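Student: This one is run.tsv, TSV, C-alpha atoms and all ligand atoms.
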chain	number	residue	atom	x	y	z
A	170	MET	CA	-124.01	48.33	-6.90
A	171	ARG	CA	-122.93	51.53	-5.11
A	172	ARG	CA	-119.94	53.28	-6.71
A	173	PHE	CA	-117.42	54.69	-4.23
A	174	LEU	CA	-115.93	58.05	-5.18
A	175	SER	CA	-112.48	59.17	-4.07
A	176	GLU	CA	-112.33	61.61	-1.16
A	177	ALA	CA	-111.34	64.42	-3.53
A	178	ALA	CA	-114.29	63.66	-5.82
A	179	ARG	CA	-116.70	63.64	-2.90
A	180	ILE	CA	-115.43	66.98	-1.61
A	181	ARG	CA	-115.81	68.44	-5.10
A	182	ALA	CA	-119.37	67.06	-5.27
A	183	LEU	CA	-120.21	68.62	-1.88
A	184	TYR	CA	-118.86	72.03	-2.95
A	185	ARG	CA	-120.91	71.70	-6.15
A	186	LEU	CA	-124.02	71.08	-4.04
A	187	SER	CA	-123.38	74.29	-2.06
A	188	ARG	CA	-122.80	76.47	-5.13
A	189	ARG	CA	-126.56	77.00	-5.70
A	190	CYS	CA	-127.12	75.48	-2.37
A	191	GLU	CA	-128.83	72.11	-2.23
A	192	ILE	CA	-126.77	70.77	0.64
A	193	CYS	CA	-129.81	70.25	2.86
A	194	PRO	CA	-133.49	69.40	2.26
A	195	ARG	CA	-134.46	73.08	2.07
A	196	LYS	CA	-132.68	73.31	-1.31
A	197	CYS	CA	-132.76	77.13	-1.19
A	198	GLY	CA	-130.59	77.54	-4.28
A	199	ALA	CA	-128.67	80.36	-2.56
A	200	GLU	CA	-125.38	81.21	-4.28
A	201	ARG	CA	-123.38	80.91	-1.10
A	202	LEU	CA	-119.95	80.84	-2.71
A	203	ALA	CA	-120.86	84.18	-4.32
A	204	GLY	CA	-121.87	85.77	-1.02
A	205	LYS	CA	-125.63	85.09	-0.99
A	206	THR	CA	-127.40	83.42	1.92
A	207	GLY	CA	-130.39	81.10	2.17
A	208	PHE	CA	-132.56	79.93	5.07
A	209	CYS	CA	-129.57	78.95	7.25
A	210	LYS	CA	-127.64	82.26	6.68
A	211	ALA	CA	-124.36	80.39	6.13
A	212	LEU	CA	-121.86	81.72	3.60
A	213	LYS	CA	-118.77	80.24	1.95
A	214	PHE	CA	-116.40	79.96	4.91
A	215	PRO	CA	-117.36	77.94	7.96
A	216	GLU	CA	-118.09	80.13	10.96
A	217	ILE	CA	-117.05	78.73	14.31
A	218	SER	CA	-118.58	79.74	17.60
A	219	SER	CA	-116.17	77.75	19.81
A	220	HIS	CA	-113.89	74.75	19.89
A	221	ASN	CA	-113.17	73.11	23.19
A	222	LEU	CA	-113.25	69.95	25.27
A	223	HIS	CA	-116.84	69.27	26.31
A	224	PHE	CA	-117.85	67.04	29.22
A	225	GLY	CA	-121.64	67.35	29.01
A	226	GLU	CA	-122.36	64.95	26.13
A	227	GLU	CA	-123.55	61.36	26.61
A	228	PRO	CA	-121.02	59.18	28.53
A	229	PRO	CA	-119.68	57.29	25.46
A	230	ILE	CA	-119.01	60.62	23.72
A	231	SER	CA	-117.57	62.73	26.57
A	232	GLY	CA	-115.79	59.82	28.25
A	233	THR	CA	-113.22	60.92	30.81
A	234	ARG	CA	-111.14	63.31	28.73
A	235	GLY	CA	-113.93	65.17	26.96
A	236	SER	CA	-115.35	65.42	23.47
A	237	GLY	CA	-113.50	67.77	21.09
A	238	THR	CA	-116.51	69.89	20.30
A	239	ILE	CA	-116.58	72.38	17.43
A	240	PHE	CA	-119.74	74.52	17.44
A	241	LEU	CA	-120.59	75.73	13.96
A	242	THR	CA	-122.53	78.97	13.58
A	243	HIS	CA	-126.01	79.10	11.96
A	244	CYS	CA	-128.38	76.17	11.44
A	245	ASN	CA	-130.52	74.75	8.65
A	246	LEU	CA	-133.41	73.85	11.00
A	247	ARG	CA	-133.61	76.86	13.38
A	248	CYS	CA	-136.15	75.56	15.91
A	249	ASP	CA	-137.99	78.30	17.79
A	250	PHE	CA	-136.99	76.76	21.16
A	251	CYS	CA	-133.27	76.33	20.38
A	252	GLN	CA	-131.18	76.56	23.54
A	253	ASN	CA	-128.16	77.57	21.43
A	254	TYR	CA	-130.07	80.38	19.68
A	255	PRO	CA	-127.23	82.95	19.92
A	256	ILE	CA	-125.22	80.60	17.69
A	257	SER	CA	-127.95	79.03	15.54
A	258	HIS	CA	-130.25	82.05	15.00
A	259	MET	CA	-128.17	85.12	15.83
A	260	GLY	CA	-124.96	84.05	14.12
A	261	HIS	CA	-122.44	84.33	16.95
A	262	GLY	CA	-119.14	83.06	15.62
A	263	ARG	CA	-116.17	83.90	13.42
A	264	PRO	CA	-115.28	82.76	9.94
A	265	ALA	CA	-112.36	80.36	9.60
A	266	THR	CA	-110.61	78.81	6.64
A	267	VAL	CA	-110.85	75.08	6.08
A	268	LYS	CA	-107.13	74.85	6.96
A	269	ARG	CA	-107.80	76.58	10.29
A	270	LEU	CA	-110.69	74.19	10.97
A	271	ALA	CA	-108.32	71.24	10.41
A	272	GLU	CA	-105.82	72.83	12.83
A	273	MET	CA	-108.55	73.11	15.48
A	274	MET	CA	-109.25	69.39	15.11
A	275	LEU	CA	-105.59	68.52	15.52
A	276	SER	CA	-105.23	70.76	18.59
A	277	LEU	CA	-108.27	69.10	20.23
A	278	GLN	CA	-106.71	65.70	19.59
A	279	GLU	CA	-103.47	66.92	21.19
A	280	ARG	CA	-105.44	68.05	24.24
A	281	GLY	CA	-106.72	64.49	24.71
A	282	ALA	CA	-110.20	64.62	23.13
A	283	HIS	CA	-111.81	61.22	22.58
A	284	ASN	CA	-113.34	62.43	19.31
A	285	ILE	CA	-114.03	65.48	17.14
A	286	ASN	CA	-117.66	66.46	17.57
A	287	PHE	CA	-119.06	68.80	14.88
A	288	VAL	CA	-122.17	70.43	16.31
A	289	THR	CA	-124.72	71.48	13.61
A	290	PRO	CA	-122.44	70.83	10.63
A	291	THR	CA	-125.10	70.28	7.94
A	292	HIS	CA	-124.86	73.61	6.12
A	293	TYR	CA	-121.04	73.35	6.10
A	294	THR	CA	-120.81	69.71	5.06
A	295	ALA	CA	-118.44	70.48	2.17
A	296	GLN	CA	-116.04	72.50	4.31
A	297	VAL	CA	-116.22	69.99	7.21
A	298	ALA	CA	-115.50	67.02	4.90
A	299	HIS	CA	-112.61	68.95	3.36
A	300	ALA	CA	-111.17	69.75	6.82
A	301	ILE	CA	-111.50	66.09	7.92
A	302	VAL	CA	-109.44	64.96	4.94
A	303	LEU	CA	-106.80	67.66	5.60
A	304	ALA	CA	-106.62	66.81	9.32
A	305	ARG	CA	-106.40	63.05	8.70
A	306	GLY	CA	-103.54	63.73	6.29
A	307	LYS	CA	-101.73	65.45	9.15
A	308	GLY	CA	-102.27	62.72	11.74
A	309	LEU	CA	-105.87	62.97	13.02
A	310	VAL	CA	-106.89	59.48	14.14
A	311	ILE	CA	-109.74	59.99	16.65
A	312	PRO	CA	-113.36	59.36	15.53
A	313	ILE	CA	-115.44	62.04	13.85
A	314	VAL	CA	-118.88	62.69	15.36
A	315	TYR	CA	-121.55	64.30	13.14
A	316	ASN	CA	-123.93	65.93	15.62
A	317	THR	CA	-127.01	67.04	13.69
A	318	SER	CA	-130.67	68.07	13.94
A	319	GLY	CA	-131.50	65.14	11.64
A	320	TYR	CA	-132.72	67.42	8.83
A	321	GLU	CA	-130.36	65.99	6.23
A	322	ARG	CA	-130.42	65.02	2.56
A	323	ILE	CA	-129.53	61.43	1.73
A	324	GLU	CA	-127.51	62.59	-1.29
A	325	THR	CA	-125.31	64.70	1.01
A	326	LEU	CA	-124.96	61.98	3.64
A	327	ARG	CA	-123.85	59.44	1.02
A	328	LEU	CA	-120.91	61.69	0.20
A	329	LEU	CA	-119.82	61.51	3.86
A	330	GLU	CA	-119.55	57.73	3.94
A	331	GLY	CA	-116.19	56.75	5.41
A	332	LEU	CA	-115.47	60.30	6.65
A	333	VAL	CA	-117.87	60.15	9.62
A	334	ASP	CA	-117.46	57.47	12.30
A	335	ILE	CA	-120.32	58.34	14.64
A	336	TYR	CA	-123.62	59.88	13.59
A	337	MET	CA	-125.44	61.62	16.43
A	338	PRO	CA	-128.78	62.88	15.02
A	339	ASP	CA	-131.72	64.31	16.90
A	340	ILE	CA	-135.18	63.16	15.97
A	341	LYS	CA	-137.22	66.13	17.14
A	342	PHE	CA	-140.76	65.92	15.79
A	343	ALA	CA	-143.09	63.29	14.38
A	344	ARG	CA	-146.03	65.41	13.23
A	345	ARG	CA	-146.02	67.68	10.21
A	346	GLU	CA	-147.91	70.46	11.97
A	347	THR	CA	-145.45	70.53	14.90
A	348	ALA	CA	-142.39	70.61	12.63
A	349	LYS	CA	-144.01	73.30	10.51
A	350	ARG	CA	-144.97	75.44	13.44
A	351	TYR	CA	-141.67	75.29	15.35
A	352	ALA	CA	-139.11	74.80	12.56
A	353	ARG	CA	-140.88	75.58	9.27
A	354	ALA	CA	-140.04	72.09	8.07
A	355	PRO	CA	-143.31	70.15	7.67
A	356	ASP	CA	-141.46	67.24	6.02
A	357	TYR	CA	-139.08	66.92	8.99
A	358	PHE	CA	-140.03	63.41	10.20
A	359	GLU	CA	-140.12	61.91	6.73
A	360	VAL	CA	-136.70	63.44	5.95
A	361	ALA	CA	-135.15	62.54	9.32
A	362	ARG	CA	-136.37	58.92	9.11
A	363	ALA	CA	-134.69	58.48	5.72
A	364	ALA	CA	-131.56	60.22	6.99
A	365	VAL	CA	-131.27	58.06	10.10
A	366	ARG	CA	-131.75	54.90	8.00
A	367	GLU	CA	-128.87	56.02	5.80
A	368	MET	CA	-126.69	56.84	8.82
A	369	HIS	CA	-127.37	53.41	10.30
A	370	ARG	CA	-126.60	51.75	6.96
A	371	GLN	CA	-123.20	53.48	6.96
A	372	VAL	CA	-122.08	52.93	10.56
A	373	GLY	CA	-124.44	50.43	12.26
A	374	ASP	CA	-125.27	50.30	15.98
A	375	LEU	CA	-122.99	52.11	18.40
A	376	MET	CA	-119.76	50.26	19.17
A	377	LEU	CA	-117.81	51.02	22.35
A	378	ASP	CA	-114.20	50.28	23.23
A	379	GLY	CA	-113.14	48.46	26.43
A	380	GLU	CA	-113.55	51.69	28.42
A	381	GLY	CA	-117.07	52.42	27.18
A	382	ILE	CA	-116.02	55.13	24.71
A	383	ALA	CA	-117.79	55.24	21.34
A	384	ILE	CA	-115.64	54.32	18.36
A	385	LYS	CA	-118.26	53.92	15.61
A	386	GLY	CA	-122.01	53.82	15.07
A	387	LEU	CA	-125.28	55.63	15.57
A	388	LEU	CA	-126.47	57.48	18.67
A	389	VAL	CA	-129.95	59.02	18.40
A	390	ARG	CA	-131.16	61.84	20.64
A	391	HIS	CA	-134.74	62.73	21.39
A	392	LEU	CA	-135.69	65.75	23.47
A	393	VAL	CA	-139.07	65.13	25.09
A	394	LEU	CA	-141.25	68.19	24.45
A	395	PRO	CA	-144.03	69.37	26.77
A	396	GLY	CA	-147.48	68.34	25.57
A	397	HIS	CA	-146.15	66.05	22.80
A	398	ALA	CA	-146.20	62.57	24.37
A	399	GLU	CA	-147.70	61.01	21.26
A	400	GLU	CA	-144.86	62.30	19.09
A	401	THR	CA	-142.29	60.85	21.48
A	402	ARG	CA	-144.05	57.49	21.19
A	403	GLU	CA	-143.96	57.68	17.37
A	404	VAL	CA	-140.26	58.58	17.34
A	405	LEU	CA	-139.33	55.74	19.71
A	406	LYS	CA	-141.44	53.26	17.77
A	407	PHE	CA	-139.68	54.20	14.55
A	408	ILE	CA	-136.25	53.71	16.12
A	409	ALA	CA	-137.10	50.36	17.72
A	410	ARG	CA	-138.96	48.89	14.74
A	411	GLU	CA	-137.21	50.39	11.72
A	412	ILE	CA	-133.64	51.11	12.82
A	413	SER	CA	-132.60	48.64	15.52
A	414	PRO	CA	-133.69	47.73	19.05
A	415	ARG	CA	-129.96	48.01	19.86
A	416	THR	CA	-129.95	51.71	18.97
A	417	TYR	CA	-128.21	53.80	21.60
A	418	LEU	CA	-130.92	56.29	22.43
A	419	SER	CA	-130.49	59.40	24.54
A	420	LEU	CA	-133.89	60.37	25.95
A	421	MET	CA	-133.50	63.97	27.07
A	422	SER	CA	-135.57	65.72	29.70
A	423	GLN	CA	-133.90	69.11	29.89
A	424	TYR	CA	-136.35	71.10	27.76
A	425	PHE	CA	-136.95	74.68	28.83
A	426	PRO	CA	-138.67	77.41	26.82
A	427	ALA	CA	-135.83	79.35	25.23
A	428	PHE	CA	-135.86	82.11	22.62
A	429	LYS	CA	-139.15	82.25	20.62
A	430	ALA	CA	-140.79	79.51	22.72
A	431	THR	CA	-141.11	81.89	25.66
A	432	GLY	CA	-144.82	82.48	26.14
A	433	ASP	CA	-145.81	79.77	23.64
A	434	PRO	CA	-149.14	78.18	24.70
A	435	VAL	CA	-147.72	74.64	24.41
A	436	LEU	CA	-143.92	74.88	24.58
A	437	GLY	CA	-143.80	77.84	26.94
A	438	ARG	CA	-143.19	75.70	30.05
A	439	ARG	CA	-140.79	73.08	31.33
A	440	LEU	CA	-141.50	69.37	31.05
A	441	HIS	CA	-143.53	67.85	33.88
A	442	ARG	CA	-142.01	64.88	35.67
A	443	GLU	CA	-144.95	62.65	34.74
A	444	GLU	CA	-144.48	63.48	31.04
A	445	TYR	CA	-140.94	62.18	31.25
A	446	GLU	CA	-142.06	59.10	33.16
A	447	THR	CA	-144.52	58.38	30.33
A	448	ALA	CA	-141.72	58.71	27.78
A	449	LYS	CA	-139.57	56.25	29.78
A	450	ARG	CA	-142.46	53.78	29.88
A	451	HIS	CA	-142.75	53.96	26.08
A	452	LEU	CA	-139.04	53.36	25.81
A	453	ARG	CA	-139.17	50.29	28.03
A	454	SER	CA	-142.26	48.86	26.37
A	455	LEU	CA	-140.38	48.92	23.06
A	456	HIS	CA	-137.35	47.17	24.64
A	457	LEU	CA	-135.13	50.03	23.62
A	458	ASP	CA	-132.91	49.62	26.61
A	459	PHE	CA	-129.47	50.38	25.25
A	460	GLY	CA	-129.22	54.01	26.02
A	461	TRP	CA	-129.13	56.85	28.40
A	462	ILE	CA	-131.95	58.43	30.32
A	463	GLN	CA	-131.39	61.96	31.57
A	464	GLU	CA	-133.54	62.46	34.64
A	465	ILE	CA	-135.09	65.83	35.47
A	466	ASN	CA	-133.09	67.53	38.23
A	501	LIG	S1	-127.64	74.53	3.68
A	501	LIG	FE1	-128.57	76.55	4.03
A	501	LIG	S2	-128.51	77.61	2.05
A	501	LIG	FE2	-128.13	75.42	1.69
A	501	LIG	S3	-130.12	74.56	1.17
A	501	LIG	FE3	-129.84	74.28	3.38
A	501	LIG	S4	-130.75	76.09	4.37
A	501	LIG	FE4	-130.48	76.55	2.17
Any chance you could put this one into structure tokens?
Tutor:
Amino acid sequence: MRRFLSEAARIRALYRLSRRCEICPRKCGAERLAGKTGFCKALKFPEISSHNLHFGEEPPISGTRGSGTIFLTHCNLRCDFCQNYPISHMGHGRPATVKRLAEMMLSLQERGAHNINFVTPTHYTAQVAHAIVLARGKGLVIPIVYNTSGYERIETLRLLEGLVDIYMPDIKFARRETAKRYARAPDYFEVARAAVREMHRQVGDLMLDGEGIAIKGLLVRHLVLPGHAEETREVLKFIAREISPRTYLSLMSQYFPAFKATGDPVLGRRLHREEYETAKRHLRSLHLDFGWIQEIN
């Protein structure tokens, strides 16, 4: 039987995991609280690139009043083609205390946000969990969205149970060689599959309110990559067969070669329309029809 820890005990456990950092599957062992950095480059205090209302997320997340998006600086996956590379790779952002992070959440709620959407929170899980507890103590009631690359440790996710309402993971790659080449994480698919199973165990399929706004559950994103149709098929098959055919899936077509993908022999071009059509056919053949398809403009 699973033993539930108090919120304070879970926050302490998360800070312990980041002391010689084992927060994420890279398990660098970096002494972050003592000023050392590991693969992600994150230190003790969360660094924030921006906090604002965002209207470009999936409809159940952005709704009509916007998602209260907090972009965290650095990343534990660091894909070569990241469209947010100034934040994830180059470290654009400013350090904030946990108290300040909680204040940002409360101010976004005051501005009408449907939810608080932490973008790339993995390496700051301890500080984010701590801020959620502080903000809830001061009146935060809107859902918390955990918007992640999917490269997560189960042990860390278990400590978030009850603090996160909506998990919004990417599943990016299915093949070891692709994940190794573009993110130096050959175990990515194996890790992400276990992580998404745990997320679904905690929150279930996506639940919407009467106005179509997400209140709880799982929303999976998959960015279709040029020249990787087979990997898209494997990702969709996993979601339909091993998570739930009712999974809300966002099939994204907006890939463009950013940052280190410029000039890459495979990822150095945009997606062709027929590649996206193939991905949609896979999606339909698996009866994964609760979701959102972003057409190429
Ligand atoms: S969170 Fe960062 S420092 Fe910690 S294990 Fe992951 S990559 Fe390494």
Student: How would you write, as a PyMOL selection string, the set of residues no farther than 8 Å from ligand LIG 501 (chain A) when counting only C-alpha atoms and all ligand atoms?
Tutor: chain A and resi 187+189-201+206-212+244-246+291-293
Student: Name the closest residue to A:Ile256 among the candidates A:Leu394, A:Leu328, A:Ile217, A:Ala348; distances are taken between atoms, counting all atoms listed in the file.
Tutor: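 Of A:Leu394, A:Leu328, A:Ile217, A:Ala348, the one nearest A:Ile256, counting all atoms listed in the file, is A:Ile217.
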Student: Excluding A:Thr289 and any residue of its chain fewer than 6 positions from it, enumerate the residues within 9 Å of it, using only C-alpha atoms, and give them as a VMD selection string.
Tutor: chain A and resid 240 to 245 257 315 to 318
Student: Quick one, how far is atom CA of A:Met273 from atom CA of A:Gly235?
Tutor: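 These two atoms are separated by 15.0 Å.
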Student: Can you tell me how far atom CA of A:Leu309 sits from atom CA of A:Ala271, in Å to one decimal?
Tutor: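 Between atom CA of A:Leu309 and atom CA of A:Ala271 the gap works out to 9.0 Å.
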Student: Could you list, as number ranges by chain, every residue within 7 Å of stretch 444-459 of chain A, counting all atoms listed in the file and ignoring same-chain residues fewer than 2 positions away?
Tutor: A: 398, 401-402, 405-406, 409, 414-418, 422, 440-442
Student: Taking C-alpha atoms for each residue, export the selection above as a PDB file, in the frame of the given file.
Tutor:
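Written output follows (part20.pdb):
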ATOM      1  CA  ALA A 398    -146.200  62.570  24.370  1.00  0.00           C
ATOM      2  CA  THR A 401    -142.290  60.850  21.480  1.00  0.00           C
ATOM      3  CA  ARG A 402    -144.050  57.490  21.190  1.00  0.00           C
ATOM      4  CA  LEU A 405    -139.330  55.740  19.710  1.00  0.00           C
ATOM      5  CA  LYS A 406    -141.440  53.260  17.770  1.00  0.00           C
ATOM      6  CA  ALA A 409    -137.100  50.360  17.720  1.00  0.00           C
ATOM      7  CA  PRO A 414    -133.690  47.730  19.050  1.00  0.00           C
ATOM      8  CA  ARG A 415    -129.960  48.010  19.860  1.00  0.00           C
ATOM      9  CA  THR A 416    -129.950  51.710  18.970  1.00  0.00           C
ATOM     10  CA  TYR A 417    -128.210  53.800  21.600  1.00  0.00           C
ATOM     11  CA  LEU A 418    -130.920  56.290  22.430  1.00  0.00           C
ATOM     12  CA  SER A 422    -135.570  65.720  29.700  1.00  0.00           C
ATOM     13  CA  LEU A 440    -141.500  69.370  31.050  1.00  0.00           C
ATOM     14  CA  HIS A 441    -143.530  67.850  33.880  1.00  0.00           C
ATOM     15  CA  ARG A 442    -142.010  64.880  35.670  1.00  0.00           C
TER      16      ARG A 442
END
Student: What does the distance between atom CA of A:Ala265 and atom CA of A:Leu202 come to in Å, to one decimal place?
Tutor: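 Separating atom CA of A:Ala265 from atom CA of A:Leu202 is a distance of 14.5 Å.
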Student: Taking the block just given, write stretch 186-197 of chain A to a file that holds all heavy atoms, as a PDB file, in the first residue's frame.
Tutor:
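Result file is out32.pdb:
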ATOM      1  N   LEU A 186      16.515  15.512  -2.738  1.00  0.00           N
ATOM      2  CA  LEU A 186      16.894  14.964  -4.054  1.00  0.00           C
ATOM      3  C   LEU A 186      17.726  15.954  -4.863  1.00  0.00           C
ATOM      4  O   LEU A 186      18.499  15.564  -5.729  1.00  0.00           O
ATOM      5  CB  LEU A 186      15.635  14.609  -4.861  1.00  0.00           C
ATOM      6  CG  LEU A 186      14.950  13.282  -4.590  1.00  0.00           C
ATOM      7  CD1 LEU A 186      13.703  13.159  -5.454  1.00  0.00           C
ATOM      8  CD2 LEU A 186      15.882  12.111  -4.888  1.00  0.00           C
ATOM      9  N   SER A 187      17.545  17.261  -4.621  1.00  0.00           N
ATOM     10  CA  SER A 187      18.320  18.226  -5.425  1.00  0.00           C
ATOM     11  C   SER A 187      19.633  18.636  -4.747  1.00  0.00           C
ATOM     12  O   SER A 187      20.392  19.419  -5.301  1.00  0.00           O
ATOM     13  CB  SER A 187      17.477  19.439  -5.815  1.00  0.00           C
ATOM     14  OG  SER A 187      16.808  19.971  -4.734  1.00  0.00           O
ATOM     15  N   ARG A 188      19.901  18.091  -3.568  1.00  0.00           N
ATOM     16  CA  ARG A 188      21.152  18.458  -2.879  1.00  0.00           C
ATOM     17  C   ARG A 188      22.374  17.941  -3.661  1.00  0.00           C
ATOM     18  O   ARG A 188      23.249  18.704  -4.044  1.00  0.00           O
ATOM     19  CB  ARG A 188      21.129  17.892  -1.453  1.00  0.00           C
ATOM     20  CG  ARG A 188      22.084  18.608  -0.548  1.00  0.00           C
ATOM     21  CD  ARG A 188      21.904  18.218   0.898  1.00  0.00           C
ATOM     22  NE  ARG A 188      20.646  18.689   1.463  1.00  0.00           N
ATOM     23  CZ  ARG A 188      19.970  18.044   2.415  1.00  0.00           C
ATOM     24  NH1 ARG A 188      20.418  16.910   2.895  1.00  0.00           N
ATOM     25  NH2 ARG A 188      18.847  18.542   2.880  1.00  0.00           N
ATOM     26  N   ARG A 189      22.450  16.649  -3.887  1.00  0.00           N
ATOM     27  CA  ARG A 189      23.393  16.075  -4.883  1.00  0.00           C
ATOM     28  C   ARG A 189      22.464  15.605  -5.971  1.00  0.00           C
ATOM     29  O   ARG A 189      21.985  14.482  -5.909  1.00  0.00           O
ATOM     30  CB  ARG A 189      24.167  14.892  -4.313  1.00  0.00           C
ATOM     31  CG  ARG A 189      25.256  15.308  -3.383  1.00  0.00           C
ATOM     32  CD  ARG A 189      25.880  14.091  -2.750  1.00  0.00           C
ATOM     33  NE  ARG A 189      26.431  14.465  -1.460  1.00  0.00           N
ATOM     34  CZ  ARG A 189      27.684  14.792  -1.248  1.00  0.00           C
ATOM     35  NH1 ARG A 189      28.519  14.725  -2.208  1.00  0.00           N
ATOM     36  NH2 ARG A 189      28.105  15.164  -0.081  1.00  0.00           N
ATOM     37  N   CYS A 190      22.240  16.411  -6.924  1.00  0.00           N
ATOM     38  CA  CYS A 190      20.975  16.383  -7.669  1.00  0.00           C
ATOM     39  C   CYS A 190      20.659  15.054  -8.367  1.00  0.00           C
ATOM     40  O   CYS A 190      21.407  14.556  -9.201  1.00  0.00           O
ATOM     41  CB  CYS A 190      20.920  17.543  -8.663  1.00  0.00           C
ATOM     42  SG  CYS A 190      19.229  17.770  -9.238  1.00  0.00           S
ATOM     43  N   GLU A 191      19.508  14.535  -7.967  1.00  0.00           N
ATOM     44  CA  GLU A 191      18.948  13.327  -8.595  1.00  0.00           C
ATOM     45  C   GLU A 191      17.477  13.572  -8.894  1.00  0.00           C
ATOM     46  O   GLU A 191      16.667  12.660  -8.860  1.00  0.00           O
ATOM     47  CB  GLU A 191      19.076  12.129  -7.638  1.00  0.00           C
ATOM     48  CG  GLU A 191      20.480  11.726  -7.348  1.00  0.00           C
ATOM     49  CD  GLU A 191      20.551  10.411  -6.590  1.00  0.00           C
ATOM     50  OE1 GLU A 191      19.512   9.937  -6.114  1.00  0.00           O
ATOM     51  OE2 GLU A 191      21.653   9.864  -6.517  1.00  0.00           O
ATOM     52  N   ILE A 192      17.161  14.837  -9.126  1.00  0.00           N
ATOM     53  CA  ILE A 192      15.762  15.210  -9.367  1.00  0.00           C
ATOM     54  C   ILE A 192      15.251  14.575 -10.666  1.00  0.00           C
ATOM     55  O   ILE A 192      14.112  14.175 -10.751  1.00  0.00           O
ATOM     56  CB  ILE A 192      15.643  16.759  -9.423  1.00  0.00           C
ATOM     57  CG1 ILE A 192      15.544  17.317  -8.011  1.00  0.00           C
ATOM     58  CG2 ILE A 192      14.483  17.240 -10.284  1.00  0.00           C
ATOM     59  CD1 ILE A 192      14.196  17.235  -7.351  1.00  0.00           C
ATOM     60  N   CYS A 193      16.126  14.497 -11.669  1.00  0.00           N
ATOM     61  CA  CYS A 193      15.665  13.992 -12.963  1.00  0.00           C
ATOM     62  C   CYS A 193      16.488  12.755 -13.351  1.00  0.00           C
ATOM     63  O   CYS A 193      17.457  12.414 -12.681  1.00  0.00           O
ATOM     64  CB  CYS A 193      15.737  15.100 -14.020  1.00  0.00           C
ATOM     65  SG  CYS A 193      17.279  15.190 -14.924  1.00  0.00           S
ATOM     66  N   PRO A 194      16.114  12.073 -14.436  1.00  0.00           N
ATOM     67  CA  PRO A 194      16.788  10.817 -14.780  1.00  0.00           C
ATOM     68  C   PRO A 194      18.274  10.953 -15.088  1.00  0.00           C
ATOM     69  O   PRO A 194      18.989   9.950 -15.131  1.00  0.00           O
ATOM     70  CB  PRO A 194      16.031  10.333 -16.028  1.00  0.00           C
ATOM     71  CG  PRO A 194      14.744  11.067 -16.009  1.00  0.00           C
ATOM     72  CD  PRO A 194      14.991  12.365 -15.338  1.00  0.00           C
ATOM     73  N   ARG A 195      18.763  12.164 -15.282  1.00  0.00           N
ATOM     74  CA  ARG A 195      20.208  12.306 -15.554  1.00  0.00           C
ATOM     75  C   ARG A 195      21.036  12.025 -14.309  1.00  0.00           C
ATOM     76  O   ARG A 195      22.210  11.668 -14.421  1.00  0.00           O
ATOM     77  CB  ARG A 195      20.511  13.704 -16.081  1.00  0.00           C
ATOM     78  CG  ARG A 195      19.773  14.031 -17.370  1.00  0.00           C
ATOM     79  CD  ARG A 195      20.626  14.807 -18.324  1.00  0.00           C
ATOM     80  NE  ARG A 195      19.871  15.221 -19.488  1.00  0.00           N
ATOM     81  CZ  ARG A 195      20.012  14.674 -20.701  1.00  0.00           C
ATOM     82  NH1 ARG A 195      20.865  13.704 -20.912  1.00  0.00           N
ATOM     83  NH2 ARG A 195      19.282  15.119 -21.708  1.00  0.00           N
ATOM     84  N   LYS A 196      20.457  12.259 -13.145  1.00  0.00           N
ATOM     85  CA  LYS A 196      21.117  11.997 -11.848  1.00  0.00           C
ATOM     86  C   LYS A 196      22.566  12.473 -11.857  1.00  0.00           C
ATOM     87  O   LYS A 196      23.489  11.693 -11.568  1.00  0.00           O
ATOM     88  CB  LYS A 196      21.056  10.504 -11.518  1.00  0.00           C
ATOM     89  CG  LYS A 196      19.664   9.971 -11.300  1.00  0.00           C
ATOM     90  CD  LYS A 196      19.762   8.604 -10.667  1.00  0.00           C
ATOM     91  CE  LYS A 196      18.584   7.751 -10.960  1.00  0.00           C
ATOM     92  NZ  LYS A 196      18.777   6.352 -10.660  1.00  0.00           N
ATOM     93  N   CYS A 197      22.776  13.748 -12.178  1.00  0.00           N
ATOM     94  CA  CYS A 197      24.142  14.286 -12.308  1.00  0.00           C
ATOM     95  C   CYS A 197      24.919  14.258 -11.003  1.00  0.00           C
ATOM     96  O   CYS A 197      26.146  14.241 -11.014  1.00  0.00           O
ATOM     97  CB  CYS A 197      24.099  15.757 -12.718  1.00  0.00           C
ATOM     98  SG  CYS A 197      23.269  16.103 -14.227  1.00  0.00           S
TER      99      CYS A 197
END
